[in-house]
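J.: Below you'll find the structure I mean.
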Amino acid sequence: MPPPSDAASFSIDLRYPVYAAQFASDTTLIVAGGGGEGKNGVANKISVLNIDSAEKKVEVAEEKVLSKDEDSPMSLDVTQEGVIAIGVNSSTAAIKTRKNEHLRLFKLESDNRIETQERTQLFTAEHLEEYQKCTRFSPAARYLAVASSVGILHCLAFPSLQPQFPAIDISEAGGDTDIQDVDFSCNEKLLSYTTPKSVTLLSATSGEKIAEYFPPPASTFRGVRFASHDTLILISNHARRRGASILKLTLPSDIYLTKQQSQPPVRTVRTLHAGIKAVTALDCRESIACVAGADLSVAVVRTDTLREIKIIRNAHTFPVTRVVMNPSGTVMASTSVAQSVVLVRIEGVAAASSRRVMITSTIVSVVVIVIIGVLVQLLVQRQVLGRQGDMAVGEDK
């Protein structure tokens with residue numbers, strides 16, 4: 001795959017469809033995917049990529065080949081200590097017997113080896129098409145959230161993997177059963193999950209429902225990330241694939257007082273670039289968010305203004321599956337079913353955008369001051385001329 005035209009981009013072809021990704025550190029990216037169950041010639045793998053953004057180099061440091069008799073990995077996350085949680089369905093034969101050890105834990109060793117730790121089953125395996133769609137650690141790895149493709153949400157204490165609270169089946173409420181995304185607040189007090197019709201905030205400790213918010217009219221939610229403990233960044237796709245918007249919800253200060261909420265969140269919405277059709281993936285740090293579009297683009301967005309400050313068009317040749325940022329927010333990675341991983345250096349992008357905004361604001365301010373000065377001068381001249389005219393009339397009398 002040829003790399004995108006952006007000068008800050010570089011890429012690697014892994015020769016298998018990539019469905020899941022997360023940074024283990026600023027320079028180490030974990031990705032996973034494959035051809036799934038069967039003899040299709042495409043292996044199921046977990047790859048460790050070493051990244052040198054200064055030299056625009058990326059290479060495979062280690063790979064772990066998984067069973068070809070099981071499904072491909074579909075989601076993953078990794079802790080600061082290198083524990084990797086991945087969703088991998090067991091074989092079709094096993095699932096038919098109600099056995100599906102879909103939650104797999106691995107350990108990334110200091111020499112980049114990936115060691116298998118354990119596997120367990122959370123879902124009942126009633127449906128062959130059910131899989132672990134979302135996998136998300138809380139920031140300090142106190143909790144692990146796992147959501148299935150049929151709307152079952154588990155929040156586990158980590159590392160014990162014991163339920164933090166009973167599993168939530170959103171289909172029981174009669175709503176949309178498709179959980180799109182999950183995330184924890186930066187202080188680990190809230191767990192959020194999105195369906196197309198709403199974003200719900202739960203207490204990460206008890207599972208109690210804290211709040212529920214809805215997308216703009218004629219749109220559906222696709223992704224959610226906390227930019228801070230009280231700021232949510234969300235993506236909504238417009239109806240009939242006519243575009244997408246990015247939203248910021250600034251939560252009320254009393255959000256944790258579940259019985260005393262008084263104010264709705266402050267909502268800011270901005271439409272993303274024309275032609276995006278829909279957003280397929282989202283990630284966020286405090287000051288910037290990254291989104292991937294159905295138009296094969298990836299974009300960097302400021303979280304304060306929600307303005308796009310960098311757009312890389314045609315980043316991949318086939319749909320983008322994930323977009324993630326390294327911990328320091330200096331590198332963005334996107335993955336695709338096209339077997340590619342694209343890395344983009346984004347350090348300084350937000351600062352450069354801020355400088356441009358400041359320069360523009362300064363120029364506008366100067367222009368406004370000049371215009372005001374000119375108007376004041378004209379007003380003074382009119383008043384002087386008016387007084388002179390009055391004096392001339394008086395002298396004629």
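Residue names in the structure tokens use chain letters A, B, ... in the order shown, residue numbers from 1 in each chain, and ligand numbers from 1 in the order shown.
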Please report as a Markdown table every residue of stretch 46-127 of chain A lying within 9 Å of stretch 321-343 of chain A, along with the nearest atom pair and their distance in Å (one decimal), using only C-alpha atoms.
T.:
```
| residue | atom | partner | partner_atom | distance |
| --- | --- | --- | --- | --- |
| A:Ile51 | CA | A:Leu343 | CA | 8.6 |
| A:Ser53 | CA | A:Val331 | CA | 7.4 |
| A:Lys56 | CA | A:Leu343 | CA | 8.3 |
| A:Val58 | CA | A:Leu343 | CA | 8.3 |
```
J.: Listing only residues of stretch 104-156 of chain A within 12 Å of stretch 37-49 of chain A, what is the closest atom pair and its distance in Å (to one decimal) for each, using only C-alpha atoms, sorted by chain and residue number ascending, as CSV?
T.:
```
residue,atom,partner,partner_atom,distance
A:Arg104,CA,A:Ile46,CA,11.8
A:Leu105,CA,A:Ile46,CA,12.0
A:Phe106,CA,A:Ile46,CA,10.1
A:Lys107,CA,A:Ile46,CA,11.6
A:Leu108,CA,A:Val48,CA,8.8
A:Glu109,CA,A:Val48,CA,10.8
A:Ser110,CA,A:Val48,CA,11.6
A:Asp111,CA,A:Val48,CA,10.6
A:Asn112,CA,A:Val48,CA,6.9
A:Arg113,CA,A:Val48,CA,8.5
A:Ile114,CA,A:Ile46,CA,8.3
A:Glu115,CA,A:Ile46,CA,11.0
A:Thr116,CA,A:Ile46,CA,11.4
```
J.: Point out the residue among A:Leu66, A:Pro163, A:Asp283, A:Cys155 with the least atom-to-atom distance to A:Phe23, counting only C-alpha atoms.
T.: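 For A:Phe23, the nearest of the given residues is A:Asp283.
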J.: Please indicate the distance in Å from atom CA of A:Arg345 to atom CA of A:Lys133, rounded to one decimal place.
T.: 28.0 Å
J.: Give the answer as one residue: which of A:Glu188, A:Glu347, A:Glu62, A:Asp295 has the shortest atom-to-atom distance to A:Ile276, using only C-alpha atoms?
T.: A:Asp295
J.: For the strand (DSSP E) assignment from backbone DSSP, which residues of stretch 130-251 of chain A qualify? Please present them as a ChimeraX atom specification.
T.: /A:132-137,143-148,152-157,163-169,181-184,190-195,198-203,209-213,219-228,231-238,244-250
J.: Output C-alpha atoms for every residue in the selection just made, as a short mmCIF file (atom, residue, chain, number, x, y, z; two decimals), in the first residue's frame.
T.:
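Written out: out35.cif:
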```cif
data_model
loop_
_atom_site.label_atom_id
_atom_site.label_comp_id
_atom_site.auth_asym_id
_atom_site.auth_seq_id
_atom_site.Cartn_x
_atom_site.Cartn_y
_atom_site.Cartn_z
CA GLN A 132 -16.40 -9.00 22.14
CA LYS A 133 -16.95 -5.71 20.36
CA CYS A 134 -15.51 -3.31 22.97
CA THR A 135 -12.58 -3.80 25.34
CA ARG A 136 -11.51 -0.89 27.57
CA PHE A 137 -9.37 -0.54 30.70
CA TYR A 143 -11.55 -1.73 35.96
CA LEU A 144 -11.99 -3.52 32.64
CA ALA A 145 -15.14 -2.93 30.58
CA VAL A 146 -16.20 -5.51 27.99
CA ALA A 147 -19.23 -5.17 25.72
CA SER A 148 -20.66 -7.75 23.37
CA ILE A 152 -24.25 -7.07 27.08
CA LEU A 153 -21.96 -4.83 29.17
CA HIS A 154 -19.60 -6.19 31.82
CA CYS A 155 -17.51 -4.11 34.21
CA LEU A 156 -14.84 -6.18 35.92
CA ALA A 157 -12.52 -5.38 38.79
CA PRO A 163 -17.74 -8.48 38.38
CA GLN A 164 -17.66 -4.94 39.75
CA PHE A 165 -21.46 -4.94 39.38
CA PRO A 166 -23.93 -7.27 37.63
CA ALA A 167 -23.78 -7.34 33.85
CA ILE A 168 -26.13 -4.94 32.06
CA ASP A 169 -28.27 -6.21 29.20
CA ASP A 181 -18.25 2.26 22.25
CA VAL A 182 -17.28 2.39 25.95
CA ASP A 183 -14.93 4.56 28.00
CA PHE A 184 -14.06 5.48 31.58
CA LEU A 190 -17.79 7.07 35.50
CA LEU A 191 -18.28 4.42 32.83
CA SER A 192 -19.91 5.57 29.60
CA TYR A 193 -21.36 3.55 26.77
CA THR A 194 -22.99 4.62 23.53
CA THR A 195 -25.75 3.12 21.47
CA SER A 198 -27.96 7.67 23.44
CA VAL A 199 -24.87 7.87 25.63
CA THR A 200 -25.31 6.58 29.17
CA LEU A 201 -23.15 7.38 32.18
CA LEU A 202 -22.89 4.80 34.96
CA SER A 203 -21.15 4.78 38.30
CA LYS A 209 -27.26 5.02 36.09
CA ILE A 210 -26.08 8.60 36.48
CA ALA A 211 -27.33 10.28 33.31
CA GLU A 212 -28.38 9.71 29.72
CA TYR A 213 -27.94 12.13 26.81
CA SER A 219 -28.23 11.53 13.76
CA THR A 220 -26.85 8.57 15.74
CA PHE A 221 -23.97 8.23 18.15
CA ARG A 222 -20.89 6.28 17.03
CA GLY A 223 -18.09 6.84 19.55
CA VAL A 224 -17.35 8.28 22.99
CA ARG A 225 -14.20 9.37 24.83
CA PHE A 226 -13.56 11.35 27.99
CA ALA A 227 -11.22 14.29 27.39
CA SER A 228 -11.21 14.96 31.15
CA THR A 231 -15.73 16.53 29.43
CA LEU A 232 -17.12 14.02 26.95
CA ILE A 233 -16.22 13.97 23.27
CA LEU A 234 -18.75 12.18 21.07
CA ILE A 235 -19.26 11.47 17.39
CA SER A 236 -22.67 11.49 15.76
CA ASN A 237 -23.31 10.30 12.21
CA HIS A 238 -25.98 12.06 10.19
CA ALA A 244 -20.88 13.53 10.78
CA SER A 245 -20.52 15.92 13.70
CA ILE A 246 -18.26 16.04 16.72
CA LEU A 247 -19.83 17.00 20.06
CA LYS A 248 -18.45 18.15 23.37
CA LEU A 249 -20.49 17.72 26.55
CA THR A 250 -19.21 19.64 29.55
#
```
J.: Name all residues at most 7 Å from A:Val298 (count only C-alpha atoms; drop same-chain ones fewer than 2 positions away) and give them as a list in words.
T.: Val291, Ala292, Gly293, Leu296, Ile311, Ile312, Arg313 and Ala315 of chain A
J.: Give me a file of those residues, with C-alpha atoms, as a PDB file, in the first residue's frame.
T.:
```
ATOM      1  CA  VAL A 291     -11.467  10.614  13.961  1.00  0.00           C
ATOM      2  CA  ALA A 292     -11.561   8.232  11.011  1.00  0.00           C
ATOM      3  CA  GLY A 293     -14.125   8.637   8.261  1.00  0.00           C
ATOM      4  CA  LEU A 296     -10.966   6.752   4.208  1.00  0.00           C
ATOM      5  CA  ILE A 311      -6.993  16.112   7.599  1.00  0.00           C
ATOM      6  CA  ILE A 312      -5.258  13.227   5.813  1.00  0.00           C
ATOM      7  CA  ARG A 313      -7.391  12.129   2.913  1.00  0.00           C
ATOM      8  CA  ALA A 315      -5.133   7.415   4.427  1.00  0.00           C
TER       9      ALA A 315
END
```
